[in-house]
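Trainee: The structure that follows is given in the form of C-alpha cells.
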Amino acid sequence: MNMENDNLFIMDHPLIQHKLTLLRYKNTGSKEFRELVSEITMLMCYEATRDLPLKEVEIETPVAIAKSNVISGRKLAFVPILRAGIGMVDGVTKLVPAAKIGHVGLYRDPLSLEPVEYYSKLPSDINEREVIVLDPMLATGGTAIDAISIIKREKPKCIKFMCIIAAPEGMKELIKCHPDVQIYCASLDKCLNENGYIVPGLGDAGDRIFGTK
Ligand code: URA
C-alpha cells in the first residue's frame, strides 16, 4: 500500500490494480463489472479494516487449549451513497457479515446548489460504530463531503471513506472539508472533464453497475 498523505491510502496491490484495469475497459459488461466492483471492494476492505483491535480469547482446538485472537469492541457500519455505492455492499458484507448497513441519498438543488437529502437511513446505534462510507467514484467530492457531514451529525466513533477511483479535485476538497476522515482508493486519476467525468475513469459507475445506459 502506498500512503501519499497521512489520511490517504492508495491501494497499489497487484490484484486490485489488475481488476481495476478490467473494470475500466469500455467493453466490460454489467455482470462482470458488478463482480469486479465486489472483488475490488473486498480487497480494499481487507486493508481498510487493518486497524481493528483484537483481543485474546482461550479456545479449544481438537489438539490443545490455546490462546487466539478475535476482533474486539469496535463495531462497523457501512454506508453506501446512493446509487452507485450499493454496488460495493456485497464485497464488504462478505468480509464483515455482522456489520450494519445505512444508506444516504443526496442530490444538489440545481438552483441553490444546496445538497438535498432525499433519503437517509442509518443504524440506530451508529454512535457506537466505526463507519465506512462507500462510493466507487470520488469526482468533485460534493456528494461525499455532504454525505459525511450528514453521518457526522449522528456522532459515529470515526468515519472512513472508500472509493475505487478518485479525481484529484475531489480528493483535495474532501481532505480540506473532512481532514479527520481516512480515505481509501485504488487509483487517483488525472482530472475531471467538462462533464464532471473522471479521466480516464470508467464512465458512469451507476449505469455500468445497474445496466441503465
Ligand atoms: N461518477 C461516475 O460514475 N463517474 C465519473 O466519472 C464521475 C462521477
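Identifiers for the C-alpha cells are assigned positionally: chains receive A, B, ... in sequence, residues are indexed from 1 per chain, and ligands are indexed from 1 in the order shown.
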Neighbours of ligand 1 at 8 Å or closer, counting only C-alpha atoms and all ligand atoms: which residues, as a PyMOL selection string?
Mentor: chain A and resi 84+136-140+192+196-199+201-207
Trainee: As a list in words, please: the residues near Asn5 of chain A (cut-off 10 Å, only C-alpha atoms, same-chain neighbours under 4 positions excluded).
Mentor: Phe9, Ile10, Ile175, Gln182 and Ile183 of chain A
Trainee: Write to file, as a compact mmCIF listing (two decimals), in the first residue's frame, the residues of the selection just made, with N, CA, C and O atoms.
Mentor:
```txt
# COMPACT_ATOMS: atom_id res chain seq x y z
N PHE A 9 -4.91 6.65 1.53
CA PHE A 9 -4.29 5.36 1.27
C PHE A 9 -4.65 4.93 -0.16
O PHE A 9 -5.82 4.71 -0.46
N ILE A 10 -3.64 4.87 -1.02
CA ILE A 10 -3.88 4.44 -2.40
C ILE A 10 -3.41 3.00 -2.51
O ILE A 10 -2.24 2.71 -2.25
N ILE A 175 -10.37 16.16 1.57
CA ILE A 175 -9.35 16.27 2.63
C ILE A 175 -9.49 17.62 3.35
O ILE A 175 -9.36 17.72 4.56
N GLN A 182 -10.20 9.20 7.08
CA GLN A 182 -9.22 8.45 6.29
C GLN A 182 -9.86 8.03 4.96
O GLN A 182 -11.01 7.59 4.94
N ILE A 183 -9.10 8.18 3.88
CA ILE A 183 -9.64 7.90 2.54
C ILE A 183 -8.86 6.75 1.92
O ILE A 183 -7.63 6.77 1.88
```
Trainee: One decimal, Å: what's the distance from atom CA of Glu60 of chain A over to atom CA of Gly73 of chain A, could you say?
Mentor: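 Separation between atom CA of Glu60 of chain A and atom CA of Gly73 of chain A: 22.1 Å.
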Trainee: Between A:Ala144, A:Ile209, A:Pro156, A:Ala186, which has the minimum distance to Glu173 of chain A (counting only C-alpha atoms)?
Mentor: A:Ala144
Trainee: Tell me which protein, DNA and RNA residues are within 10 Å of Thr49 of chain A, counting only C-alpha atoms, leaving out same-chain ones fewer than 2 positions away, and put them as a list in words.
Mentor: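 Here the qualifying residues turn out to be Met44, Cys45, Tyr46, Glu47, Asp51, Leu52, Pro53, Leu76, Leu95, Val96, Ile132 and Lys160 of chain A.
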Trainee: Just to confirm, what's the straight-line distance from atom CA of Gly141 of chain A to atom CA of Cys177 of chain A in Å (one decimal)?
Mentor: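 Distance between the two atoms: 9.6 Å.
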Trainee: Could you pull the residues within 6 Å of Val131 of chain A, counting only C-alpha atoms, minus those fewer than 4 positions along the same chain, as a list in words?
Mentor: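 Near neighbours after the sequence-gap exclusion: Leu76, Ala77, Phe78 and Ile159 of chain A.
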Trainee: If you keep N, CA, C and O atoms, can you produce a file of those selected residues as an mmCIF file, in the first residue's frame?
Mentor:
```cif
data_model
loop_
_atom_site.group_PDB
_atom_site.id
_atom_site.type_symbol
_atom_site.label_atom_id
_atom_site.label_comp_id
_atom_site.auth_asym_id
_atom_site.auth_seq_id
_atom_site.Cartn_x
_atom_site.Cartn_y
_atom_site.Cartn_z
ATOM 1 N N LEU A 76 -18.764 -2.168 13.261
ATOM 2 C CA LEU A 76 -18.689 -1.461 11.984
ATOM 3 C C LEU A 76 -20.069 -1.201 11.392
ATOM 4 O O LEU A 76 -20.997 -1.994 11.580
ATOM 5 N N ALA A 77 -20.177 -0.108 10.659
ATOM 6 C CA ALA A 77 -21.341 0.126 9.802
ATOM 7 C C ALA A 77 -20.806 0.589 8.448
ATOM 8 O O ALA A 77 -19.835 1.355 8.393
ATOM 9 N N PHE A 78 -21.407 0.111 7.377
ATOM 10 C CA PHE A 78 -21.076 0.586 6.039
ATOM 11 C C PHE A 78 -22.227 1.451 5.548
ATOM 12 O O PHE A 78 -23.398 1.100 5.758
ATOM 13 N N ILE A 159 -15.056 7.917 10.994
ATOM 14 C CA ILE A 159 -15.546 7.716 9.627
ATOM 15 C C ILE A 159 -14.356 7.515 8.697
ATOM 16 O O ILE A 159 -13.368 8.254 8.762
#
```
Trainee: With a distance cut-off of 12 Å and only C-alpha atoms, select the neighbouring residues of Ile150 of chain A, excluding the residue or stretch itself and same-chain residues fewer than 5 positions from it, and output the selection as a list in words.
Mentor: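 Once the adjacent positions are removed, what remains is Val79, Ile81, Gly102, His103, Val104, Gly105, Leu106, Pro115, Val116, Glu117, Tyr118, Tyr119, Ser120, Lys121, Leu122, Val133, Thr143, Ala144, Ile145, Lys155, Pro156 and Ile159 of chain A.
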Trainee: Would you kindly return, as a list in words, each protein, DNA or RNA residue with an atom no farther than 7 Å from any atom of Lys157 of chain A, considering only C-alpha atoms and excluding same-chain residues fewer than 5 positions away?
Mentor: Asn127, Glu128, Arg129 and Glu130 of chain A
Trainee: For N, CA and C atoms, I'd like the residues from the last selection saved as a compact mmCIF listing (two decimals), in the first residue's frame.
Mentor:
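Listed below is the output, part.txt:
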```txt
# COMPACT_ATOMS: atom_id res chain seq x y z
N ASN A 127 -23.74 5.68 16.70
CA ASN A 127 -22.79 6.38 17.59
C ASN A 127 -21.82 5.42 18.29
N GLU A 128 -22.12 4.13 18.23
CA GLU A 128 -21.21 3.13 18.82
C GLU A 128 -20.35 2.48 17.75
N ARG A 129 -20.46 2.93 16.52
CA ARG A 129 -19.81 2.22 15.42
C ARG A 129 -18.78 3.07 14.69
N GLU A 130 -17.84 2.36 14.06
CA GLU A 130 -16.95 2.96 13.07
C GLU A 130 -17.67 2.85 11.73
```
Trainee: Can you list, as a ChimeraX atom specification, all residues belonging to segment 6-213 of chain A that DSSP tags as alpha helix (DSSP H)?
Mentor: /A:14-24,30-48,89-95,142-152,168-177,205-210
Trainee: Enumerate as a list in words all residues of segment 8-68 of chain A assigned to strand (DSSP E or B) by DSSP on the backbone, naming them with the chain letters and numbers the document uses.
Mentor: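 Secondary structure check on segment 8-68 of chain A, strand (DSSP E or B): Leu8, Phe9, Ile10, Leu54, Lys55, Glu56, Val57, Glu58, Ile59, Glu60, Ile65, Ala66, Lys67 and Ser68 of chain A.
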Trainee: What is the atom CA of Leu113 of chain A to atom CA of Glu154 of chain A distance in Å?
Mentor: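 Atom CA of Glu154 of chain A lies at a distance of 23.7 Å from atom CA of Leu113 of chain A.
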Trainee: Which of these residues is nearest to Arg34 of chain A, using only C-alpha atoms: A:Arg74, A:Lys19, A:His13, A:Arg153?
Mentor: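 Result for the nearest residue to Arg34 of chain A: A:Lys19.
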Trainee: A:Lys172, A:Thr21, A:Ala99, A:Ile126: which is nearest Cys158 of chain A, counting only C-alpha atoms?
Mentor: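 For Cys158 of chain A, the nearest of the given residues is A:Ile126.
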Trainee: Neighbours of His18 of chain A within 12 Å (only C-alpha atoms; same-chain residues fewer than 6 positions away dropped), as a ChimeraX atom specification?
Mentor: /A:11-12,24-25,36,39-40,43,186-187
